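Right, one structure below, let's go through it.
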Amino acid sequence: MRLGRTAVWSAGLLAAAVLASANSTQRQQEENWHMLDSWLDKVLESAPVKVKPQKVARIEDSSVRTLFPGSDFYGVSFATWPIAPRLPKELSHDTLVRVRDDQSVEPIRDPDSLKTFLATALTGIRDEKQAEEAALASVRLAQSVAKARSFGTPTVTVSRQGDAIVADARSAASDPEGGEVAVHLEFAADGKPKTEALVVQDRTRRGPPG
């Protein structure tokens with residue numbers, strides 16, 4: 001099938017726009033990565049002993065990107081064997097770090113800190129599909145503050161209970177670590193989570209060193 005000149009021109013413009021958007025996203029991700037690196041260097045200057053993260057990984061998850069546009073999230077983990085190092089107060093041995101496109105940095109140190117974050121960051125959840133997305137994103141973030149480091153595919157259940165939408169998500173840790181992370185969310189009619197019902201649990205265990 002032959003495309004007319006106008007159609008070809010429009011297709012070219014669309015391709016150029018997609019490429020420009022991809023390049024812009026990549027540049028922003030690089031800027032956020034450098035911001036995280038600089039922040040970690042500054043924070044770790046106050047550590048009692050010299051220590052570096054064992055692993056720093058950007059969270060690549062479509063649900064996280066959908067729920068929190070304009071932000072990149074990173075899992076920052078430190079080796080705990082043979083001796084767990086003492087860290088500055090901003091960090092735990094398994095920390096989730098949010099870097100916004102405006103270059104602000106927000107560390108989330110543990111499941112309790114993640115619960116506080118989700119209670120204020122999740123908004124506008126008014127149907128089952130949005131609740132499912134929120135639960136998937138939340139359990140993915142919970143993996144980064146868990147003791148285990150490797151997880152399988154999460155499972156999610158969503159239901160309506162009166163005016164509320166209830167969502168539960170679980171993700172099992174891979175062998176040989178074991179256990180699971182779990183998130184329970186209940187969204188009120190205004191689209192915000194009920195803080196008193198919000199639960200983030202880490203039931204995992206650390207695997208052998210290596």
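Chain labels A, B, ... are given in the sequence in which chains occur in the structure tokens; within each chain residues are numbered consecutively from 1, and ligands are likewise numbered from 1 in the order shown.
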Inset, instruction - Name the residues in contact with region 120-132 of chain A at a cut-off of 6 Å, using only C-alpha atoms, excluding same-chain residues fewer than 2 positions from it; report them as a ChimeraX atom specification. - result: /A:117-118,134-135,191-192
Inset, instruction - Pull the helix (DSSP H, G or I) assignments for region 28-130 of chain A out of DSSP run on the backbone, and list those residues as a PyMOL selection string. - result: chain A and resi 28-44+62-67+111-121+128-130
Include N, CA and C atoms and write out the residues we just selected as an mmCIF file, in the first residue's frame.
```cif
data_model
loop_
_atom_site.group_PDB
_atom_site.id
_atom_site.type_symbol
_atom_site.label_atom_id
_atom_site.label_comp_id
_atom_site.auth_asym_id
_atom_site.auth_seq_id
_atom_site.Cartn_x
_atom_site.Cartn_y
_atom_site.Cartn_z
ATOM 1 N N GLN A 28 17.107 12.717 31.508
ATOM 2 C CA GLN A 28 16.605 12.945 32.862
ATOM 3 C C GLN A 28 17.016 11.817 33.788
ATOM 4 N N GLN A 29 16.969 10.593 33.307
ATOM 5 C CA GLN A 29 17.389 9.460 34.123
ATOM 6 C C GLN A 29 18.870 9.556 34.479
ATOM 7 N N GLU A 30 19.681 9.990 33.523
ATOM 8 C CA GLU A 30 21.112 10.159 33.786
ATOM 9 C C GLU A 30 21.348 11.246 34.834
ATOM 10 N N GLU A 31 20.594 12.342 34.730
ATOM 11 C CA GLU A 31 20.723 13.419 35.721
ATOM 12 C C GLU A 31 20.325 12.931 37.104
ATOM 13 N N ASN A 32 19.233 12.167 37.177
ATOM 14 C CA ASN A 32 18.781 11.650 38.468
ATOM 15 C C ASN A 32 19.789 10.669 39.055
ATOM 16 N N TRP A 33 20.393 9.857 38.191
ATOM 17 C CA TRP A 33 21.411 8.903 38.655
ATOM 18 C C TRP A 33 22.613 9.645 39.250
ATOM 19 N N HIS A 34 23.054 10.690 38.566
ATOM 20 C CA HIS A 34 24.190 11.473 39.074
ATOM 21 C C HIS A 34 23.829 12.171 40.376
ATOM 22 N N MET A 35 22.580 12.628 40.494
ATOM 23 C CA MET A 35 22.134 13.258 41.735
ATOM 24 C C MET A 35 22.164 12.254 42.880
ATOM 25 N N LEU A 36 21.689 11.042 42.616
ATOM 26 C CA LEU A 36 21.716 9.995 43.637
ATOM 27 C C LEU A 36 23.151 9.682 44.043
ATOM 28 N N ASP A 37 24.030 9.561 43.069
ATOM 29 C CA ASP A 37 25.433 9.242 43.337
ATOM 30 C C ASP A 37 26.077 10.313 44.219
ATOM 31 N N SER A 38 25.814 11.569 43.893
ATOM 32 C CA SER A 38 26.376 12.670 44.690
ATOM 33 C C SER A 38 25.799 12.671 46.098
ATOM 34 N N TRP A 39 24.510 12.423 46.210
ATOM 35 C CA TRP A 39 23.862 12.384 47.521
ATOM 36 C C TRP A 39 24.432 11.267 48.377
ATOM 37 N N LEU A 40 24.605 10.085 47.801
ATOM 38 C CA LEU A 40 25.164 8.964 48.552
ATOM 39 C C LEU A 40 26.579 9.276 49.026
ATOM 40 N N ASP A 41 27.390 9.858 48.150
ATOM 41 C CA ASP A 41 28.763 10.209 48.542
ATOM 42 C C ASP A 41 28.766 11.162 49.731
ATOM 43 N N LYS A 42 27.886 12.146 49.689
ATOM 44 C CA LYS A 42 27.829 13.129 50.771
ATOM 45 C C LYS A 42 27.357 12.492 52.068
ATOM 46 N N VAL A 43 26.298 11.666 52.000
ATOM 47 C CA VAL A 43 25.771 11.028 53.200
ATOM 48 C C VAL A 43 26.793 10.074 53.811
ATOM 49 N N LEU A 44 27.471 9.313 52.971
ATOM 50 C CA LEU A 44 28.407 8.294 53.470
ATOM 51 C C LEU A 44 29.697 8.889 54.021
ATOM 52 N N SER A 62 6.649 -0.584 35.301
ATOM 53 C CA SER A 62 5.675 0.286 34.649
ATOM 54 C C SER A 62 4.651 0.842 35.638
ATOM 55 N N SER A 63 4.267 0.046 36.640
ATOM 56 C CA SER A 63 3.303 0.530 37.625
ATOM 57 C C SER A 63 3.883 1.667 38.456
ATOM 58 N N VAL A 64 5.157 1.550 38.829
ATOM 59 C CA VAL A 64 5.824 2.614 39.589
ATOM 60 C C VAL A 64 5.894 3.888 38.760
ATOM 61 N N ARG A 65 6.241 3.759 37.475
ATOM 62 C CA ARG A 65 6.316 4.949 36.615
ATOM 63 C C ARG A 65 4.948 5.601 36.449
ATOM 64 N N THR A 66 3.907 4.776 36.351
ATOM 65 C CA THR A 66 2.555 5.318 36.186
ATOM 66 C C THR A 66 2.090 6.058 37.437
ATOM 67 N N LEU A 67 2.331 5.467 38.596
ATOM 68 C CA LEU A 67 1.865 6.060 39.860
ATOM 69 C C LEU A 67 2.673 7.283 40.280
ATOM 70 N N PRO A 111 10.065 -0.697 56.069
ATOM 71 C CA PRO A 111 8.631 -0.813 55.781
ATOM 72 C C PRO A 111 7.771 0.266 56.443
ATOM 73 N N ASP A 112 8.107 0.678 57.659
ATOM 74 C CA ASP A 112 7.331 1.729 58.318
ATOM 75 C C ASP A 112 7.450 3.058 57.571
ATOM 76 N N SER A 113 8.662 3.370 57.112
ATOM 77 C CA SER A 113 8.864 4.604 56.336
ATOM 78 C C SER A 113 8.122 4.534 55.006
ATOM 79 N N LEU A 114 8.095 3.343 54.408
ATOM 80 C CA LEU A 114 7.363 3.183 53.148
ATOM 81 C C LEU A 114 5.868 3.364 53.381
ATOM 82 N N LYS A 115 5.362 2.847 54.479
ATOM 83 C CA LYS A 115 3.948 3.036 54.813
ATOM 84 C C LYS A 115 3.608 4.515 54.911
ATOM 85 N N THR A 116 4.448 5.278 55.598
ATOM 86 C CA THR A 116 4.227 6.722 55.724
ATOM 87 C C THR A 116 4.241 7.396 54.363
ATOM 88 N N PHE A 117 5.177 6.984 53.522
ATOM 89 C CA PHE A 117 5.280 7.555 52.171
ATOM 90 C C PHE A 117 4.020 7.258 51.361
ATOM 91 N N LEU A 118 3.587 6.000 51.347
ATOM 92 C CA LEU A 118 2.420 5.619 50.553
ATOM 93 C C LEU A 118 1.149 6.307 51.035
ATOM 94 N N ALA A 119 1.050 6.529 52.339
ATOM 95 C CA ALA A 119 -0.150 7.154 52.896
ATOM 96 C C ALA A 119 -0.374 8.554 52.340
ATOM 97 N N THR A 120 0.704 9.236 51.981
ATOM 98 C CA THR A 120 0.575 10.601 51.456
ATOM 99 C C THR A 120 0.755 10.671 49.937
ATOM 100 N N ALA A 121 1.506 9.736 49.364
ATOM 101 C CA ALA A 121 1.837 9.813 47.933
ATOM 102 C C ALA A 121 0.761 9.220 47.038
ATOM 103 N N GLU A 128 -11.097 -0.050 40.451
ATOM 104 C CA GLU A 128 -10.341 -1.268 40.713
ATOM 105 C C GLU A 128 -9.033 -1.326 39.930
ATOM 106 N N LYS A 129 -9.055 -0.850 38.693
ATOM 107 C CA LYS A 129 -7.838 -0.880 37.876
ATOM 108 C C LYS A 129 -6.744 -0.019 38.496
ATOM 109 N N GLN A 130 -7.113 1.174 38.948
ATOM 110 C CA GLN A 130 -6.137 2.057 39.596
ATOM 111 C C GLN A 130 -5.634 1.449 40.897
#
```
Inset, instruction - Excluding Gln161 (chain A) and any residue of its chain fewer than 2 positions from it, enumerate the residues within 12 Å of it, using only C-alpha atoms, and give them as a ChimeraX atom specification. - result: /A:128,158-159,163-167,186-189
Inset, instruction - Just the residues within 8 Å of Arg86 (chain A), please, counting only C-alpha atoms, with nothing from its chain fewer than 4 positions along; format it as a list in words. - result: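 Contacts, in chain order: Ala47, Pro48 and Val49 of chain A.
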Write the residues of the preceding selection, restricted to C-alpha atoms, as a compact mmCIF listing (two decimals), in the first residue's frame.
```
# COMPACT_ATOMS: atom_id res chain seq x y z
CA ALA A 47 29.76 6.91 58.18
CA PRO A 48 31.91 5.63 61.10
CA VAL A 49 33.93 3.52 58.66
```
Legend entry - Near-region 91-105 of chain A list (7 Å; only C-alpha atoms; drop same-chain fewer than 6 positions) as JSON, numbers by chain: {"A": [28, 32, 35, 36, 70, 71, 72, 73, 74, 75, 76, 77, 78, 144, 145, 146, 147]}
